[in-house]
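Raw contents of my_file_31.txt, compact mmCIF, C-alpha atoms:
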```
# COMPACT_ATOMS: atom_id res chain seq x y z
CA MET X 1 40.10 85.74 122.09
CA THR X 2 37.43 86.58 119.62
CA SER X 3 38.33 87.15 116.03
CA MET X 4 37.57 90.85 116.28
CA LEU X 5 40.51 93.18 116.79
CA HIS X 6 40.64 94.49 120.36
CA GLY X 7 42.45 97.49 121.78
CA LYS X 8 44.88 97.95 118.93
CA SER X 9 46.60 101.33 119.10
CA ILE X 10 46.76 102.86 115.65
CA ARG X 11 49.16 105.66 114.86
CA ARG X 12 49.94 107.64 111.79
CA SER X 13 46.90 106.48 109.84
CA ARG X 14 46.20 108.58 106.78
CA ILE X 15 42.73 110.15 106.71
CA PRO X 16 41.58 111.20 103.23
CA VAL X 17 40.46 114.83 103.20
CA TRP X 18 37.18 115.53 101.46
CA ALA X 19 37.55 118.56 99.26
CA VAL X 20 34.08 118.44 97.72
CA GLY X 21 31.90 121.30 98.91
CA LEU X 22 34.56 123.08 100.93
CA LEU X 23 34.60 126.13 98.71
CA VAL X 24 30.83 126.28 99.01
CA VAL X 25 31.04 126.18 102.78
CA ALA X 26 33.74 128.84 102.83
CA SER X 27 31.70 131.05 100.55
CA LEU X 28 28.66 130.66 102.75
CA LEU X 29 30.66 131.58 105.78
CA SER X 30 32.03 134.65 104.06
CA ALA X 31 28.54 135.70 103.02
CA CYS X 32 27.18 135.01 106.49
CA GLY X 33 29.79 137.35 107.91
CA ARG X 34 27.97 140.21 106.16
CA ARG X 35 24.63 139.48 107.82
CA ASN X 36 23.32 140.38 111.23
CA ASP X 37 21.56 137.04 111.75
CA THR X 38 24.73 134.97 111.30
CA PRO X 39 24.01 131.24 111.71
CA THR X 40 26.35 129.14 113.81
CA SER X 41 28.93 126.89 112.22
CA GLY X 42 26.93 123.88 113.37
CA GLU X 43 23.82 125.14 111.59
CA ILE X 44 25.79 125.62 108.39
CA LEU X 45 27.43 122.19 108.57
CA THR X 46 24.08 120.49 109.10
CA GLN X 47 23.16 121.38 105.51
CA TYR X 48 26.01 119.19 104.23
CA LEU X 49 25.29 116.01 106.19
CA PRO X 50 24.23 112.93 104.20
CA SER X 51 20.49 112.28 104.32
CA ASP X 52 20.93 108.74 105.64
CA TRP X 53 22.82 109.88 108.74
CA THR X 54 20.56 110.33 111.78
CA ALA X 55 21.85 112.40 114.68
CA VAL X 56 22.41 110.67 118.01
CA GLU X 57 19.78 112.45 120.07
CA SER X 58 21.71 112.62 123.35
CA ALA X 59 24.77 114.09 121.60
CA GLN X 60 22.82 117.26 120.72
CA GLY X 61 24.06 117.77 117.19
CA PHE X 62 27.37 119.50 116.52
CA GLN X 63 29.54 119.91 119.62
CA GLU X 64 32.48 122.30 119.70
CA ILE X 65 35.77 120.79 120.87
CA ASN X 66 39.44 121.61 120.49
CA ILE X 67 41.97 118.78 120.55
CA ASP X 68 44.36 119.76 117.76
CA GLU X 69 46.14 122.71 119.39
CA ALA X 70 48.52 120.99 121.78
CA GLY X 71 51.31 118.46 121.97
CA PRO X 72 54.04 117.48 119.47
CA ASN X 73 51.61 117.81 116.53
CA LYS X 74 50.58 121.33 117.48
CA GLU X 75 49.84 123.57 114.53
CA THR X 76 50.03 127.03 116.07
CA GLU X 77 48.50 128.87 113.16
CA GLU X 78 45.30 126.85 113.59
CA ALA X 79 45.28 126.80 117.39
CA ASP X 80 42.38 129.19 117.85
CA GLU X 81 40.10 127.47 115.35
CA PRO X 82 37.52 125.08 116.84
CA GLU X 83 36.54 121.64 115.66
CA TRP X 84 32.97 120.42 115.40
CA LEU X 85 32.17 116.91 116.60
CA TYR X 86 29.12 115.04 115.28
CA PHE X 87 27.77 111.58 116.19
CA PHE X 88 25.31 109.81 113.90
CA HIS X 89 23.49 106.53 113.31
CA TYR X 90 24.22 104.92 109.93
CA ASP X 91 23.02 101.78 108.12
CA ASN X 92 19.62 102.21 109.74
CA SER X 93 16.70 99.91 108.90
CA PRO X 94 13.81 101.41 106.89
CA SER X 95 11.53 101.14 109.94
CA ASP X 96 13.83 102.86 112.44
CA ALA X 97 16.23 105.68 111.60
CA THR X 98 18.09 105.32 114.91
CA ASN X 99 18.74 101.59 115.19
CA GLY X 100 21.95 101.52 113.18
CA PRO X 101 25.46 101.60 114.70
CA ILE X 102 26.96 104.93 115.72
CA GLY X 103 29.76 106.66 113.86
CA GLY X 104 31.53 109.95 114.39
CA ILE X 105 33.13 112.71 112.38
CA ILE X 106 35.00 115.92 113.19
CA TYR X 107 34.83 118.99 110.97
CA ASP X 108 38.09 120.85 111.51
CA ALA X 109 38.09 124.60 110.84
CA GLN X 110 41.32 125.36 108.98
CA GLN X 111 42.54 128.73 107.71
CA GLY X 112 45.51 128.76 105.39
CA THR X 113 45.74 128.59 101.62
CA GLU X 114 46.01 124.85 100.99
CA ILE X 115 44.09 121.76 101.96
CA TYR X 116 46.03 118.55 101.67
CA ASN X 117 45.01 115.23 100.25
CA PRO X 118 47.33 112.22 100.85
CA ASP X 119 47.90 111.93 97.11
CA VAL X 120 47.63 115.43 95.73
CA THR X 121 47.88 119.01 96.96
CA ILE X 122 44.79 121.04 96.08
CA PRO X 123 45.32 124.80 96.16
CA PHE X 124 42.52 127.07 97.33
CA PRO X 125 42.50 130.86 97.25
CA PHE X 126 42.69 132.44 100.70
CA GLN X 127 39.27 132.77 102.30
CA PRO X 128 38.40 135.16 105.12
CA ALA X 129 36.58 132.34 106.94
CA ALA X 130 37.77 128.86 107.82
CA PHE X 131 37.45 125.82 105.64
CA PHE X 132 35.68 122.96 107.39
CA VAL X 133 37.68 119.82 106.62
CA PRO X 134 35.89 116.58 107.58
CA TYR X 135 37.86 113.79 109.28
CA ARG X 136 36.17 110.46 109.92
CA LEU X 137 36.67 109.02 113.40
CA LEU X 138 35.09 105.55 113.21
CA PRO X 139 33.98 103.75 111.17
CA ASP X 140 36.62 104.28 108.50
CA TRP X 141 38.34 102.24 105.83
CA VAL X 142 41.87 103.64 105.65
CA GLU X 143 44.89 101.64 106.77
CA GLY X 144 44.81 100.88 110.49
CA LYS X 145 41.19 102.01 110.98
CA GLY X 146 39.18 99.34 109.19
CA GLN X 147 37.55 97.96 112.32
CA GLY X 148 34.97 98.98 114.85
CA TYR X 149 32.39 101.69 115.41
CA LEU X 150 31.62 103.92 118.35
CA GLY X 151 28.48 102.42 119.89
CA ASP X 152 25.23 100.57 119.33
CA THR X 153 22.59 102.62 121.15
CA ASP X 154 24.25 105.74 122.59
CA VAL X 155 27.58 107.44 123.26
CA THR X 156 29.06 109.81 125.81
CA TRP X 157 32.28 111.71 125.33
CA GLU X 158 34.77 113.97 127.03
CA GLN X 159 37.96 115.78 126.18
CA THR X 160 40.93 114.50 128.16
CA THR X 161 44.43 115.84 128.77
CA LEU X 162 47.65 113.83 128.87
CA LEU X 163 50.89 115.39 130.07
CA GLY X 164 53.75 114.21 127.90
CA GLU X 165 57.33 115.03 127.02
CA GLY X 166 56.18 117.10 124.05
CA GLY X 167 53.84 119.23 126.14
CA ILE X 168 50.12 118.79 126.69
CA ALA X 169 48.32 116.47 124.30
CA ASP X 170 44.53 116.52 124.20
CA GLU X 171 42.50 113.42 123.41
CA LEU X 172 38.86 112.65 122.69
CA LEU X 173 37.41 109.82 124.81
CA VAL X 174 34.19 108.16 123.55
CA LEU X 175 32.24 105.57 125.56
CA GLY X 176 29.80 103.54 123.45
CA LYS X 177 26.84 101.63 124.85
CA GLY X 178 25.73 98.20 123.67
CA PRO X 179 22.17 96.88 123.16
CA GLY X 180 21.74 96.28 126.90
CA GLY X 181 22.72 99.83 127.84
CA GLY X 182 26.14 99.01 129.27
CA VAL X 183 29.43 100.30 127.85
CA THR X 184 30.96 97.81 125.39
CA ARG X 185 33.26 100.10 123.35
CA ILE X 186 35.88 102.60 124.47
CA THR X 187 37.65 104.69 121.84
CA ILE X 188 40.39 107.28 122.27
CA PHE X 189 41.32 109.72 119.49
CA ARG X 190 44.36 111.96 119.17
CA TRP X 191 45.18 114.53 116.47
CA LEU X 192 48.09 113.49 114.23
CA GLY X 193 48.09 116.35 111.73
CA LYS X 194 46.23 117.62 108.69
CA THR X 195 47.19 114.80 106.34
CA LYS X 196 46.77 112.02 108.89
CA GLY X 197 43.74 113.17 110.82
CA TYR X 198 42.96 111.35 114.06
CA GLY X 199 44.76 108.26 115.31
CA VAL X 200 42.69 105.83 117.38
CA SER X 201 43.03 103.37 120.24
CA TYR X 202 39.97 101.13 120.17
CA PHE X 203 38.71 98.64 122.77
CA TYR X 204 35.73 96.29 122.49
CA GLY X 205 34.29 93.80 124.96
CA SER X 206 31.22 91.78 123.94
CA TYR X 207 30.12 91.73 127.60
CA SER X 208 31.58 95.05 128.75
CA ALA X 209 34.42 97.54 128.47
CA ALA X 210 35.45 99.69 131.42
CA ILE X 211 38.06 102.21 132.49
CA VAL X 212 40.16 100.67 135.27
CA GLY X 213 40.57 102.54 138.54
CA GLU X 214 39.38 105.92 139.67
CA ARG X 215 40.26 108.91 137.56
CA VAL X 216 39.59 112.63 137.64
CA LEU X 217 37.20 113.82 134.94
CA GLY X 218 39.23 115.16 132.03
CA THR X 219 42.40 113.18 132.74
CA ALA X 220 43.71 110.65 130.25
CA VAL X 221 42.77 106.98 130.53
CA GLN X 222 45.64 104.75 131.69
CA GLN X 223 43.99 101.31 131.73
CA VAL X 224 40.99 99.67 130.06
CA GLN X 225 39.41 96.29 130.86
CA THR X 226 37.50 94.30 128.25
CA LEU X 227 35.29 91.30 129.05
CA ASN X 228 34.33 89.01 126.19
CA ALA X 229 31.54 86.57 127.01
CA LEU X 230 32.15 82.86 126.57
CA ASP X 231 29.35 80.62 125.35
CA ASP X 232 28.64 78.82 128.61
CA ARG X 233 26.04 78.42 131.35
CA SER X 234 28.01 80.00 134.22
CA VAL X 235 28.36 83.50 132.70
CA LEU X 236 32.12 83.34 132.28
CA CYS X 237 34.21 85.89 130.39
CA GLU X 238 37.67 86.27 128.95
CA ASN X 239 39.25 89.24 130.72
CA THR X 240 41.99 91.43 129.21
CA VAL X 241 43.52 94.57 130.72
CA TRP X 242 45.06 97.15 128.37
CA THR X 243 47.72 99.46 129.86
CA ARG X 244 48.99 102.70 128.33
CA GLN X 245 52.70 102.74 127.63
CA GLY X 246 54.08 105.89 129.25
CA ASN X 247 52.70 109.07 127.70
CA THR X 248 52.11 107.50 124.29
CA ASP X 249 48.86 106.44 122.61
CA THR X 250 49.98 102.79 122.61
CA PHE X 251 48.35 100.24 124.95
CA SER X 252 49.71 96.78 125.77
CA ALA X 253 47.45 93.82 126.55
CA SER X 254 47.68 91.49 129.51
CA PRO X 255 47.40 87.75 128.84
CA PRO X 256 43.67 86.89 128.76
CA ALA X 257 42.19 85.16 131.80
CA ILE X 258 38.90 83.37 132.48
CA VAL X 259 36.79 85.13 135.14
CA PHE X 260 33.18 85.51 136.21
CA CYS X 261 31.62 88.23 134.03
CA LEU X 262 29.73 89.59 137.03
CA GLY X 263 32.95 90.06 139.01
CA THR X 264 33.09 88.37 142.42
CA PRO X 265 32.55 84.59 142.34
CA PRO X 266 29.06 83.59 143.53
CA PRO X 267 28.97 82.17 147.09
CA GLN X 268 27.12 79.04 145.89
CA PRO X 269 27.94 78.35 142.22
CA MET X 270 25.34 76.26 140.39
CA TYR X 271 27.52 74.29 137.96
CA PRO X 272 30.75 72.25 138.34
CA GLU X 273 32.96 74.55 136.26
CA ALA X 274 31.86 77.53 138.35
CA VAL X 275 32.68 75.61 141.54
CA VAL X 276 36.24 75.02 140.30
CA LEU X 277 36.67 78.62 139.21
CA ALA X 278 35.38 79.92 142.55
CA TYR X 279 37.99 77.83 144.36
CA LEU X 280 40.77 78.97 142.04
CA LEU X 281 39.96 82.68 142.05
CA ASN X 282 39.25 83.30 145.72
CA GLY X 283 40.36 80.11 147.47
CA ASN X 284 36.83 79.26 148.62
CA ILE X 285 37.61 76.00 150.45
CA GLU X 286 33.88 75.31 150.94
CA MET X 287 33.85 74.25 147.29
CA VAL X 288 35.86 71.13 148.35
CA LEU X 289 34.47 68.22 150.35
CA PRO X 290 35.82 68.33 153.93
CA ASP X 291 37.66 65.01 153.65
CA SER X 292 39.46 66.16 150.46
CA ARG X 293 40.60 69.65 151.45
CA ASP X 294 44.15 68.84 152.53
CA GLU X 295 44.74 66.78 149.40
CA VAL X 296 43.40 69.49 147.08
CA ARG X 297 45.45 72.21 148.83
CA ALA X 298 48.57 70.11 148.30
CA VAL X 299 47.91 69.79 144.57
CA VAL X 300 46.67 73.35 143.95
CA PRO X 301 47.75 75.81 146.67
CA ALA X 302 46.00 79.16 147.01
CA GLY X 303 47.35 82.00 144.89
CA THR X 304 46.33 81.19 141.32
CA ASN X 305 47.25 84.20 139.19
CA ARG X 306 45.35 83.27 136.04
CA VAL X 307 42.98 80.65 134.70
CA VAL X 308 44.07 80.19 131.11
CA THR X 309 41.60 77.52 129.96
CA LEU X 310 38.62 75.71 131.51
CA ALA X 311 36.97 72.74 129.79
CA TYR X 312 34.11 70.46 130.82
CA PRO X 313 31.56 68.12 129.20
CA GLY X 314 28.03 69.34 128.77
CA THR X 315 26.52 66.21 130.28
CA ALA X 316 27.33 64.69 133.68
CA ALA X 317 28.05 60.99 134.11
CA LEU X 318 25.94 58.91 136.50
CA THR X 319 27.42 56.48 139.01
CA GLY X 320 25.44 54.06 141.10
CA THR X 321 21.89 52.88 140.54
CA GLY X 322 18.43 53.77 141.73
CA VAL X 323 18.24 56.14 144.68
CA SER X 324 22.00 55.76 145.16
CA ALA X 325 22.82 57.22 141.74
CA VAL X 326 24.78 60.48 141.75
CA SER X 327 26.21 62.68 139.01
CA GLN X 328 29.94 63.14 138.52
CA MET X 329 31.93 65.39 136.22
CA ILE X 330 35.55 66.03 135.26
CA VAL X 331 36.64 69.65 134.75
CA GLU X 332 40.05 70.36 133.21
CA THR X 333 41.97 73.61 133.65
CA LEU X 334 45.24 75.21 132.61
CA ILE X 335 46.27 77.54 135.41
CA GLU X 336 49.17 79.91 136.01
CA ASN X 337 50.84 80.88 139.28
CA SER X 338 54.28 81.99 140.45
CA GLN X 339 55.71 78.56 139.54
CA GLY X 340 54.45 78.72 135.97
CA GLN X 341 51.62 76.94 134.17
CA SER X 342 50.14 73.55 134.98
CA ARG X 343 47.21 71.40 133.89
CA VAL X 344 44.84 70.17 136.58
CA LYS X 345 42.02 67.63 136.30
CA TRP X 346 39.24 68.13 138.84
CA SER X 347 36.75 65.46 139.87
CA LEU X 348 33.41 66.74 141.18
CA ARG X 349 30.36 65.02 142.63
CA GLU X 350 26.80 66.23 142.99
CA GLN X 351 25.69 66.35 146.64
CA ARG X 352 22.12 65.51 147.56
CA PRO X 353 19.75 68.18 148.80
CA THR X 354 19.62 68.86 152.53
CA ALA X 355 17.08 70.61 154.70
CA ALA X 356 19.35 73.65 154.74
CA GLU X 357 20.38 73.72 151.06
CA LYS X 358 17.08 72.51 149.51
CA THR X 359 18.90 71.74 146.25
CA THR X 360 21.82 69.68 145.02
CA ARG X 361 25.32 71.18 145.20
CA TRP X 362 28.45 70.28 143.30
CA ARG X 363 31.66 69.84 145.31
CA ILE X 364 35.29 69.01 144.42
CA VAL X 365 36.32 65.48 145.35
CA SER X 366 39.91 65.53 144.08
CA ALA X 367 42.48 67.41 141.98
CA GLU X 368 45.23 65.84 139.91
CA LYS X 369 48.03 67.49 137.96
CA GLY X 370 49.09 66.31 134.54
```

For this file, produce the structure as structure tokens.
Amino acid sequence: MTSMLHGKSIRRSRIPVWAVGLLVVASLLSACGRRNDTPTSGEILTQYLPSDWTAVESAQGFQEINIDEAGPNKETEEADEPEWLYFFHYDNSPSDATNGPIGGIIYDAQQGTEIYNPDVTIPFPFQPAAFFVPYRLLPDWVEGKGQGYLGDTDVTWEQTTLLGEGGIADELLVLGKGPGGGVTRITIFRWLGKTKGYGVSYFYGSYSAAIVGERVLGTAVQQVQTLNALDDRSVLCENTVWTRQGNTDTFSASPPAIVFCLGTPPPQPMYPEAVVLAYLLNGNIEMVLPDSRDEVRAVVPAGTNRVVTLAYPGTAALTGTGVSAVSQMIVETLIENSQGQSRVKWSLREQRPTAAEKTTRWRIVSAEKG
């Protein structure tokens, strides 16, 4: 696994409430209520954004959502008040105001007479219009949320619904795109209350992150797959599947496994380690020399559940001399099947080009446990 935290479900994280400027916003809203050309809440909030935040163009500024009115944390007196979601680029370079990572914030419209800070209660006189209380999504620096951001180049989002024992709980699902345009970050937010803000389940894959299985738009995510690229020549990844535990916001991780990042093993892998992996993952017996197939099947039967490790030297060894010289390589694996884990050493030999193949091919000569 990489050193970065992946898919950790974070609950009950305290979100500091920003009190600065709230009275000004409330006063503006009260004054706006006396005018005919009343600006929208989004237009008002735009005036209070930091100058170094640049809006994510595709997100279209402030978006109205409502995910704090349902479930066990429901606050009925606030149920009709909307929230305003805003995505922005931060830490941009001087030459490009939209090349920084993407963060998110929700301004929550709250009536009532008090706004709470984790450390002190700040009383406010009753206002006829809502206070807009900002809650950071990611990035943040409070306990349990000191990792990750929402995307590199763009984000998409949707409001999802999860049926639970406490009623209906709404969540915010954000898909973040990496530099290549594919999704590499998946983040799920759920309202925890005024003093705690939004809890987060965060998933990152350096190669990709994806929702597993088909789902109906608007329904809660049950499984997420992350692929983290290994530094190798055969485009291999470490695959982890995260599964939601019941109707909670907690996800458990499967043991990581080595797979082809692109999915299905290639029909004619180029390098020795890819030849071994293709045999292990889909039982492609063509990866084994015909005279060795029975022996290899006896050592490593079909049905490998997981490739735990795969190691190989960068340089092949030569045997023979002159035109008879051929390359050989040893690939070592730790694999897991229904009988448990075992170490296998694979011997491979480079096959000479043929009229049909037109290039050399690596094939398994033998397999040995231990």

Query raised in the report: Between CA of Lys194 in chain X and CA of Val174 in chain X, what is the distance, to one decimal in Å?
Result: 21.3 Å

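The spacing separating CA of Thr309 in chain X from CA of Leu230 in chain X amounts to 11.4 Å.
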
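Comparing the minimum interatomic distances between Glu295 in chain X and each of X:Lys369, X:Arg136, X:Arg343, X:Arg352, counting only C-alpha atoms, we find that X:Lys369 sits nearest.
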
Report task. For Trp53 in chain X, work out the shell of residues within 7 Å, counting all atoms listed in the file and skipping chain neighbours fewer than 2 positions away, then give it as a PyMOL selection string. Result -> chain X and resi 50-51+55+88-90

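CA of Asp91 in chain X to CA of Asp52 in chain X spans 7.7 Å [interatomic distance, one decimal].
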
Requested in this report: Have a look at X:Leu277, X:Ile335, X:Met287, X:Ile211 and name the one nearest to Pro256 in chain X; count only C-alpha atoms.
Outcome: X:Ile335

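The shortest atom-to-atom distance to Thr248 in chain X, with all atoms listed in the file taken into account, belongs to X:Gln222 out of X:Ser93, X:Thr54, X:Gln222, X:Gln351.
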
Query raised in the report: Near Val241 in chain X, counting all atoms listed in the file, which residues have an atom at most 7 Å away, once you skip same-chain residues fewer than 6 positions from it, shown as number ranges by chain?
Result: X: 223-226, 253-254

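Neighbouring residues of Val308 in chain X at 8 Å or closer, counting all atoms listed in the file and skipping chain neighbours under 2 positions away, are Pro256, Ala257, Ile258, Arg306, Leu310, Thr333, Leu334, Ile335 and Glu336 of chain X.
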
Report task. Excluding range 232-236 of chain X and any residue of its chain fewer than 3 positions from it, enumerate the residues within 8 Å of it, using all atoms listed in the file, and give them as a PyMOL selection string. Result -> chain X and resi 229+258-262+270-271+273-274

Query - Selection: 8 Å around Val296 in chain X, only C-alpha atoms, excl. self and same-chain fewer than 5 positions, as JSON, numbers by chain - result: {"X": [288, 301, 366, 367]}

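Proximity ranking of X:Glu83, X:Glu143, X:Asp154, X:Glu286 relative to Ser58 in chain X places X:Asp154 first, based on all atoms listed in the file.
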
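Distances from X:Gly151, X:Thr243, X:Gly218, X:Leu318 to Gly104 in chain X were compared using only C-alpha atoms, and the smallest one belongs to X:Gly151.
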